[in-house]
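Source file: model.cif (mmCIF, C-alpha atoms and all ligand atoms)
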data_coords
loop_
_atom_site.label_atom_id
_atom_site.label_comp_id
_atom_site.auth_asym_id
_atom_site.auth_seq_id
_atom_site.Cartn_x
_atom_site.Cartn_y
_atom_site.Cartn_z
CA MET J 1 114.05 91.70 129.67
CA LEU J 2 116.31 90.35 126.96
CA GLN J 3 114.68 89.87 123.65
CA SER J 4 117.27 88.11 121.63
CA LEU J 5 120.40 86.36 122.65
CA ARG J 6 122.90 83.81 121.59
CA LEU J 7 124.72 82.19 124.47
CA HIS J 8 127.05 79.28 124.48
CA MET J 9 126.90 77.55 127.81
CA SER J 10 129.55 75.00 127.12
CA GLY J 11 132.67 74.60 125.07
CA ASP J 12 133.22 78.35 124.91
CA GLY J 13 136.14 78.70 127.27
CA HIS J 14 134.10 79.83 130.27
CA GLU J 15 134.32 77.94 133.48
CA TYR J 16 130.74 77.33 134.55
CA HIS J 17 129.56 77.02 138.09
CA THR J 18 126.91 74.52 138.96
CA ALA J 19 123.90 75.45 140.98
CA LYS J 20 124.63 74.11 144.43
CA PRO J 21 123.59 77.02 146.67
CA THR J 22 126.53 78.06 148.82
CA SER J 23 126.10 78.50 152.55
CA LEU J 24 124.79 82.02 152.67
CA GLU J 25 126.41 84.56 154.89
CA LYS J 26 124.10 87.14 156.46
CA ARG J 27 123.77 89.97 153.99
CA HIS J 28 122.88 93.56 154.75
CA MET J 29 119.76 93.73 152.67
CA ASN J 30 116.28 94.88 153.45
CA THR J 31 114.36 91.78 152.40
CA ASP J 32 111.27 92.29 154.55
CA LEU J 33 108.17 93.21 152.62
CA THR J 34 105.36 95.18 154.20
CA ARG J 35 101.74 94.31 153.55
CA GLU J 36 101.41 97.64 151.71
CA GLN J 37 104.25 96.70 149.39
CA VAL J 38 102.68 93.34 148.59
CA LEU J 39 99.29 94.95 147.92
CA GLN J 40 100.90 97.66 145.80
CA TYR J 41 102.70 95.03 143.71
CA GLU J 42 99.51 93.05 143.24
CA LYS J 43 97.58 96.12 142.14
CA PHE J 44 100.15 97.96 140.03
CA GLY J 45 102.47 95.15 138.87
CA PHE J 46 105.56 96.78 140.36
CA VAL J 47 106.85 97.99 143.70
CA LYS J 48 109.88 100.01 144.77
CA ILE J 49 111.96 98.79 147.72
CA GLU J 50 113.82 101.72 149.20
CA GLY J 51 117.15 100.97 150.87
CA PHE J 52 117.26 97.38 149.62
CA LEU J 53 121.06 97.39 150.00
CA ASP J 54 122.80 99.29 152.78
CA SER J 55 125.89 101.33 151.89
CA ASP J 56 128.45 98.55 152.55
CA GLU J 57 126.37 95.98 150.71
CA LEU J 58 125.94 98.39 147.79
CA ILE J 59 129.70 98.75 147.41
CA HIS J 60 130.04 94.96 147.46
CA TRP J 61 127.39 94.54 144.72
CA GLN J 62 128.88 97.36 142.61
CA GLU J 63 132.38 95.86 142.77
CA THR J 64 131.20 92.29 142.24
CA ILE J 65 128.95 93.03 139.27
CA ASP J 66 131.47 95.44 137.68
CA ASP J 67 134.15 92.80 137.94
CA ALA J 68 131.91 90.16 136.36
CA VAL J 69 130.76 92.48 133.55
CA ASN J 70 134.28 93.59 132.74
CA THR J 71 135.56 90.04 132.38
CA ARG J 72 132.75 88.97 130.03
CA HIS J 73 133.16 90.21 126.51
CA GLU J 74 130.36 88.64 124.49
CA ARG J 75 127.98 90.91 122.68
CA ILE J 76 124.22 90.42 123.06
CA PRO J 77 122.79 90.63 119.56
CA GLY J 78 119.74 92.79 118.99
CA PHE J 79 116.48 92.03 117.25
CA ASN J 80 117.16 94.20 114.25
CA ASP J 81 120.20 92.30 113.16
CA GLY J 82 118.70 88.89 113.79
CA GLY J 83 121.50 88.13 116.18
CA GLY J 84 124.22 89.11 113.73
CA ILE J 85 126.32 92.21 113.79
CA GLY J 86 125.68 95.85 113.28
CA ASP J 87 122.64 96.69 115.40
CA GLU J 88 123.96 100.10 116.27
CA PHE J 89 120.77 101.17 118.03
CA TYR J 90 120.38 98.13 120.33
CA ASP J 91 124.10 98.07 121.08
CA ASN J 92 123.63 101.52 122.54
CA VAL J 93 120.55 100.69 124.66
CA PHE J 94 122.73 98.97 127.20
CA LYS J 95 125.70 96.77 127.81
CA GLN J 96 123.89 93.56 128.73
CA ARG J 97 125.45 90.47 130.28
CA VAL J 98 123.42 87.42 131.16
CA ASN J 99 123.83 84.65 133.73
CA LEU J 100 126.88 86.13 135.37
CA TRP J 101 126.16 83.83 138.34
CA LYS J 102 127.11 80.87 136.15
CA THR J 103 130.65 82.12 135.58
CA ASN J 104 131.45 84.15 138.68
CA SER J 105 131.32 82.63 142.16
CA SER J 106 130.95 86.02 143.88
CA VAL J 107 127.91 86.87 141.75
CA LYS J 108 126.60 83.39 142.49
CA ASN J 109 126.71 84.15 146.22
CA LEU J 110 124.57 87.23 145.64
CA VAL J 111 122.12 85.75 143.17
CA LEU J 112 121.31 82.41 144.81
CA ASP J 113 120.12 84.14 147.94
CA GLN J 114 116.97 82.60 149.26
CA GLN J 115 115.91 85.83 150.96
CA ILE J 116 115.51 87.51 147.57
CA GLY J 117 113.78 84.37 146.31
CA ARG J 118 111.39 84.59 149.25
CA MET J 119 110.50 88.16 148.31
CA ALA J 120 109.76 87.06 144.74
CA ALA J 121 107.64 84.13 145.97
CA THR J 122 105.71 86.34 148.39
CA LEU J 123 104.94 88.97 145.76
CA GLU J 124 103.76 86.35 143.27
CA GLY J 125 101.99 84.16 145.82
CA LEU J 126 104.19 81.17 144.96
CA ASP J 127 105.43 78.33 147.15
CA VAL J 128 108.56 77.59 145.13
CA VAL J 129 110.59 79.81 142.80
CA ARG J 130 113.47 79.10 140.44
CA ILE J 131 115.85 81.55 138.85
CA TRP J 132 115.35 82.12 135.11
CA HIS J 133 118.46 84.23 134.66
CA ASP J 134 120.33 87.24 135.95
CA GLN J 135 121.45 90.16 133.84
CA ALA J 136 123.56 93.26 134.17
CA LEU J 137 121.91 96.21 132.45
CA TYR J 138 124.48 98.96 132.13
CA LYS J 139 123.26 101.98 130.23
CA GLY J 140 126.37 103.73 128.98
CA PRO J 141 126.86 107.46 128.57
CA TRP J 142 124.34 108.88 126.05
CA ALA J 143 122.58 105.51 125.73
CA ASN J 144 119.32 105.10 123.84
CA PRO J 145 116.03 104.59 125.71
CA THR J 146 114.73 101.10 126.45
CA SER J 147 111.51 100.97 124.42
CA TRP J 148 108.23 99.89 126.00
CA HIS J 149 107.89 96.13 126.21
CA ILE J 150 106.72 93.27 128.38
CA ASP J 151 109.17 90.57 129.42
CA ASN J 152 107.48 87.22 129.60
CA PRO J 153 106.83 86.79 125.86
CA TYR J 154 110.61 86.75 125.25
CA TRP J 155 111.14 83.84 127.63
CA SER J 156 110.95 80.05 127.19
CA PHE J 157 107.92 79.59 129.44
CA THR J 158 104.54 81.31 129.60
CA THR J 159 103.16 82.49 132.92
CA ARG J 160 101.47 85.42 134.61
CA ASN J 161 103.62 84.83 137.73
CA ALA J 162 107.23 85.59 136.89
CA THR J 163 108.93 88.56 138.48
CA THR J 164 112.14 90.57 138.12
CA ILE J 165 114.08 92.35 140.82
CA TRP J 166 115.92 95.32 139.29
CA ILE J 167 118.62 96.67 141.59
CA ALA J 168 119.94 100.20 141.07
CA LEU J 169 123.74 100.21 141.39
CA ASP J 170 123.76 103.96 140.68
CA ASP J 171 121.20 106.65 141.38
CA THR J 172 118.71 106.35 138.51
CA THR J 173 116.94 109.51 137.50
CA ILE J 174 114.79 110.91 134.74
CA GLN J 175 118.04 112.20 133.29
CA ASN J 176 120.05 108.97 133.15
CA GLY J 177 117.50 106.23 132.35
CA ALA J 178 115.04 105.58 135.18
CA LEU J 179 112.38 102.89 134.69
CA TYR J 180 108.79 103.72 133.73
CA PHE J 181 105.72 101.54 134.35
CA LEU J 182 102.02 101.63 133.45
CA PRO J 183 100.35 100.85 136.79
CA GLY J 184 97.85 98.00 136.67
CA ALA J 185 98.37 97.18 132.99
CA GLN J 186 99.90 93.79 133.79
CA LYS J 187 96.39 92.51 134.46
CA GLU J 188 95.31 93.41 130.91
CA ALA J 189 98.41 92.17 129.10
CA THR J 190 98.03 89.29 126.69
CA PHE J 191 101.22 87.64 125.55
CA ASP J 192 101.41 89.90 122.47
CA ASN J 193 104.58 91.97 122.43
CA VAL J 194 107.04 93.87 120.28
CA PRO J 195 110.81 93.73 120.01
CA ILE J 196 112.83 96.44 121.73
CA GLY J 197 113.42 98.55 118.65
CA GLU J 198 114.04 102.16 117.82
CA ASN J 199 110.41 103.27 118.13
CA VAL J 200 110.01 103.78 121.87
CA GLY J 201 106.22 103.42 121.78
CA SER J 202 105.65 100.64 119.26
CA LEU J 203 104.07 98.49 122.02
CA PHE J 204 101.14 100.91 121.90
CA ALA J 205 100.28 99.84 118.38
CA VAL J 206 99.47 96.45 119.98
CA TYR J 207 97.85 97.78 123.18
CA GLU J 208 96.26 101.00 121.90
CA ASP J 209 94.56 101.94 125.15
CA TRP J 210 97.88 101.90 127.05
CA GLY J 211 99.22 104.56 124.72
CA ARG J 212 96.72 107.05 126.15
CA ARG J 213 97.84 106.58 129.79
CA SER J 214 100.45 108.45 131.81
CA PRO J 215 103.29 106.26 133.03
CA THR J 216 104.91 106.33 136.47
CA CYS J 217 108.62 107.09 136.51
CA VAL J 218 110.44 105.29 139.32
CA GLU J 219 113.60 107.16 140.23
CA MET J 220 115.89 105.34 142.65
CA LYS J 221 118.83 105.95 144.88
CA ALA J 222 121.74 103.55 144.41
CA GLY J 223 120.87 100.50 146.54
CA ASP J 224 117.10 100.81 145.99
CA ALA J 225 115.38 98.12 143.95
CA SER J 226 112.08 97.37 142.32
CA PHE J 227 110.18 94.21 141.47
CA HIS J 228 108.06 94.07 138.32
CA ASN J 229 105.76 91.36 137.11
CA GLY J 230 106.70 89.60 133.84
CA LEU J 231 103.66 91.09 132.11
CA ALA J 232 104.05 94.64 133.43
CA PRO J 233 104.73 97.04 130.55
CA HIS J 234 107.86 99.06 131.23
CA ALA J 235 110.54 101.16 129.60
CA ALA J 236 113.53 103.31 130.53
CA GLY J 237 114.53 106.75 129.34
CA PRO J 238 117.77 107.56 127.52
CA ASN J 239 120.93 108.28 129.44
CA MET J 240 121.52 111.98 128.95
CA THR J 241 124.70 112.01 131.03
CA PRO J 242 128.36 111.16 130.44
CA GLU J 243 128.27 108.49 133.21
CA PHE J 244 127.05 104.87 133.32
CA ARG J 245 123.64 103.99 134.76
CA ARG J 246 124.32 100.56 136.23
CA ALA J 247 121.59 98.11 137.19
CA PHE J 248 121.46 94.39 137.88
CA ALA J 249 118.34 92.24 137.49
CA ILE J 250 117.39 88.73 138.61
CA ILE J 251 114.37 87.01 137.10
CA PHE J 252 112.36 84.42 139.02
CA MET J 253 110.01 81.84 137.52
CA PRO J 254 107.42 79.62 139.19
CA ASP J 255 108.53 76.06 139.84
CA GLY J 256 106.57 73.89 137.41
CA ALA J 257 106.81 76.35 134.49
CA THR J 258 106.97 74.45 131.21
CA PHE J 259 108.85 74.93 127.93
CA ASN J 260 106.93 76.91 125.32
CA GLY J 261 109.23 76.30 122.34
CA GLN J 262 111.26 79.53 122.57
CA LYS J 263 115.02 79.35 122.94
CA ASN J 264 115.83 82.63 124.72
CA ILE J 265 118.72 81.85 127.13
CA LEU J 266 118.57 78.06 126.83
CA PRO J 267 121.91 76.54 125.82
CA ASP J 268 121.80 74.69 122.47
CA PRO J 269 122.11 71.08 123.67
CA TYR J 270 119.45 71.52 126.36
CA PHE J 271 117.13 73.38 123.98
CA LYS J 272 117.40 70.57 121.44
CA ARG J 273 116.43 67.96 124.03
CA LEU J 274 113.30 69.81 125.16
CA SER J 275 109.77 69.27 123.87
CA ILE J 276 106.97 71.77 124.35
CA GLY J 277 105.34 71.11 127.71
CA ASP J 278 108.45 69.74 129.41
CA PRO J 279 109.07 71.25 132.87
CA LEU J 280 111.98 73.71 132.97
CA ASP J 281 113.50 72.10 136.04
CA ASN J 282 117.17 71.86 135.18
CA ASP J 283 118.77 72.41 138.57
CA ASP J 284 122.08 73.57 137.10
CA LEU J 285 120.54 76.29 134.93
CA ASN J 286 117.34 77.14 136.81
CA PRO J 287 117.79 76.01 140.40
CA VAL J 288 115.19 76.43 143.11
CA ILE J 289 116.05 79.61 145.00
CA TYR J 290 113.31 79.52 147.57
CA GLN J 291 110.87 76.90 148.82
CA LYS J 292 108.26 77.76 151.42
CA THR J 293 108.46 75.53 154.49
CA GLY J 294 106.19 72.55 153.98
CA ALA J 295 105.92 73.03 150.19
CA THR J 296 106.74 69.91 148.19
O1 LIG J 301 117.28 98.62 132.55
C1 LIG J 301 116.55 98.92 131.62
O2 LIG J 301 116.77 99.90 130.90
C2 LIG J 301 115.36 98.08 131.28
C3 LIG J 301 115.19 96.93 132.21
C4 LIG J 301 114.19 95.95 131.78
O3 LIG J 301 113.58 96.05 130.75
C5 LIG J 301 113.97 94.80 132.66
O4 LIG J 301 114.67 94.63 133.66
O5 LIG J 301 113.06 94.00 132.35
#
Before anything else, please render the file you have as structure tokens.
Ligand SMILES: O=C(O)CCC(=O)C(=O)O
Amino acid sequence: MLQSLRLHMSGDGHEYHTAKPTSLEKRHMNTDLTREQVLQYEKFGFVKIEGFLDSDELIHWQETIDDAVNTRHERIPGFNDGGGIGDEFYDNVFKQRVNLWKTNSSVKNLVLDQQIGRMAATLEGLDVVRIWHDQALYKGPWANPTSWHIDNPYWSFTTRNATTIWIALDDTTIQNGALYFLPGAQKEATFDNVPIGENVGSLFAVYEDWGRRSPTCVEMKAGDASFHNGLAPHAAGPNMTPEFRRAFAIIFMPDGATFNGQKNILPDPYFKRLSIGDPLDNDDLNPVIYQKTGAT
């Protein structure tokens, strides 16, 4: 997700990490996909992976992402304020922090993990995947819902084959902001979209038929995860609890995706150098995470 964002990738006081994948220690993650899971993803546009992180690994992710979020203080501007100040509604959808892997070496070790990249490639039938960006999505106590939207139209490339892994760092329930999907609708999605505004169902003014369907709510235990296709319509409920609902997402793009003219997370100097149609193959910002053996 991430509809609107101003990020300064240089000259802002952060120390940025480059994209050299570190030697990866064996992690305690369930990264094997069953055939049923792959077929379910293909058909419905999303799939839940139960027990993606075991209990030790979950604690490691919670501590690592919390630490990274709490040392990053920039605000992600919302659509309604055009990136300025004062979007009270969007500010209270979630506390959002993007590309934590670029400024935190522990997050980098988690995010540049080729096993997760392999899952993304398998689900999308790709030989090579790059990371688009990561993002922490912390719904605070009494947070607003995340309105229905599709992701890919916000991004700087246009494809039917991007995917997001969304990792639950807390139990996510109907009460505290679980995700909702419209099964199968990714196949019908055009690239028309709406901003994430105050009207939770404004996407259904664009896709009228979808507004007559019942969504699937995907509750998760902490450590579960889901993948959703970049054109899968989704939303999340409000947080009707006094606790945080913490999640962390990583977005994967096909190698070979090209620039479509939108800035999104691209740093200013890089954005200014790009022309529409250029490959988004900057190995420092969007490194290859997984390459199938034999793929060139
Ligand atoms: O975490 C949420 O509330 C929404 C997540 C989302 O829209 C996404 O990961 O694409």
Quiz item: Do you know which residues lie at most 10 Å from (103.4, 94.3, 138.7), with coordinates as in the file and only C-alpha atoms counted, and could you write them as an MDAnalysis selection string?
Solution: chainID J and resid 38 40:47 123:124 160:164 181:187 226:234
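Relative to atom C3 of ligand LIG 301 (chain J), CA of Asp192 in chain J is found at 18.3 Å.
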Practice problem: May I ask you to write as a count of residues only all residues lying at most 6 Å from ligand LIG 301 (chain J), with all atoms listed in the file counted? | Solution: 8
Quiz item: Between J:Gln37, J:Asn199, J:Thr159, J:Asn30, which one has atoms that come closest to Leu58 in chain J, using all atoms listed in the file?
Solution: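 Smallest distance to Leu58 in chain J is found for J:Asn30.
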Self-check item: Option closest in space to Thr172 in chain J, from J:Ile196, J:Ala247, J:Val107, J:Ala143 [counting only C-alpha atoms]
Solution: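 Of the candidates, the smallest distance to Thr172 in chain J is held by J:Ala247.
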Self-check item: Residue with smallest distance to Lys263 in chain J - pool J:Ser202, J:His149, J:Ile250, J:Phe157, counting only C-alpha atoms
Solution: J:Phe157
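Of the listed residues J:Asp283, J:Asp171, J:Asp224, J:Asp134, the one whose atoms come nearest to Phe244 in chain J is J:Asp171, with distances taken using all atoms listed in the file.
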Counting all atoms listed in the file, which residues of range 194-289 of chain J sit at most 10 Å from some atom of range 60-69 of chain J, and what is each one's closest atom pair with its distance in Å to one decimal, listed by chain and rising residue number, as a tab-separated table?
residue	atom	partner	partner_atom	distance
J:Ala222	CA	J:Gln62	CA	9.6
J:Gly223	CA	J:Trp61	CA	9.0
J:Arg246	CA	J:Gln62	CA	8.5
J:Ala247	CA	J:Gln62	CA	9.1
J:Phe248	CA	J:Ile65	CA	7.7
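A straight line drawn from CA of Trp148 in chain J to CA of Val194 in chain J is 8.4 Å long.
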Quiz item: Nearest to Leu126 in chain J among J:Leu179, J:Ile276, J:Lys221, J:Gly256, with distances taken over only C-alpha atoms: which residue is it?
Solution: J:Gly256
Exercise. For each of J:Asn239, J:Phe89, J:His133, J:Leu274, take the minimum atom-to-atom distance to Lys108 in chain J, counting all atoms listed in the file, then give the residue where this is smallest.
Key: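 The answer is J:His133, which sits nearest to Lys108 in chain J.
In this structure, CA of Asn92 in chain J sits 19.3 Å away from CA of Thr71 in chain J.
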Exercise. Please work out which residues fall within 10 Å of (111.3, 81.3, 123.7), coordinates as given in the file, with all atoms listed in the file counting, and return them as a list in words.
Key: Gln3, Ser4, Asn152, Pro153, Tyr154, Trp155, Ser156, Phe157, Thr158, Phe259, Asn260, Gly261, Gln262, Lys263, Asn264, Ile265, Leu266 and Phe271 of chain J
Selected residues written out, C-alpha atoms, as a PDB file, in the frame of the given file:
ATOM      1  CA  GLN J   3     114.680  89.870 123.650  1.00  0.00           C
ATOM      2  CA  SER J   4     117.270  88.110 121.630  1.00  0.00           C
ATOM      3  CA  ASN J 152     107.480  87.220 129.600  1.00  0.00           C
ATOM      4  CA  PRO J 153     106.830  86.790 125.860  1.00  0.00           C
ATOM      5  CA  TYR J 154     110.610  86.750 125.250  1.00  0.00           C
ATOM      6  CA  TRP J 155     111.140  83.840 127.630  1.00  0.00           C
ATOM      7  CA  SER J 156     110.950  80.050 127.190  1.00  0.00           C
ATOM      8  CA  PHE J 157     107.920  79.590 129.440  1.00  0.00           C
ATOM      9  CA  THR J 158     104.540  81.310 129.600  1.00  0.00           C
ATOM     10  CA  PHE J 259     108.850  74.930 127.930  1.00  0.00           C
ATOM     11  CA  ASN J 260     106.930  76.910 125.320  1.00  0.00           C
ATOM     12  CA  GLY J 261     109.230  76.300 122.340  1.00  0.00           C
ATOM     13  CA  GLN J 262     111.260  79.530 122.570  1.00  0.00           C
ATOM     14  CA  LYS J 263     115.020  79.350 122.940  1.00  0.00           C
ATOM     15  CA  ASN J 264     115.830  82.630 124.720  1.00  0.00           C
ATOM     16  CA  ILE J 265     118.720  81.850 127.130  1.00  0.00           C
ATOM     17  CA  LEU J 266     118.570  78.060 126.830  1.00  0.00           C
ATOM     18  CA  PHE J 271     117.130  73.380 123.980  1.00  0.00           C
TER      19      PHE J 271
END
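Non-sequential neighbours of Val128 in chain J (distance at most 8 Å, separation of 3 or more positions within a chain, only C-alpha atoms) are Ala121, Pro254, Asp255, Val288, Ile289, Tyr290, Gln291, Lys292 and Ala295 of chain J.
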Include C-alpha atoms and write out the residues we just selected as a PDB file, keeping the file's coordinate frame.
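That gives us again_36.pdb:
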ATOM      1  CA  ALA J 121     107.640  84.130 145.970  1.00  0.00           C
ATOM      2  CA  PRO J 254     107.420  79.620 139.190  1.00  0.00           C
ATOM      3  CA  ASP J 255     108.530  76.060 139.840  1.00  0.00           C
ATOM      4  CA  VAL J 288     115.190  76.430 143.110  1.00  0.00           C
ATOM      5  CA  ILE J 289     116.050  79.610 145.000  1.00  0.00           C
ATOM      6  CA  TYR J 290     113.310  79.520 147.570  1.00  0.00           C
ATOM      7  CA  GLN J 291     110.870  76.900 148.820  1.00  0.00           C
ATOM      8  CA  LYS J 292     108.260  77.760 151.420  1.00  0.00           C
ATOM      9  CA  ALA J 295     105.920  73.030 150.190  1.00  0.00           C
TER      10      ALA J 295
END
Box in all listed atoms of range 150-162 of chain J, axis-aligned, with 6 Å more on each side; write out centre and edge lengths in Å to one decimal as JSON.
{"center_x": 106.3, "center_y": 86.4, "center_z": 131.5, "size_x": 21.7, "size_y": 25.7, "size_z": 24.5}
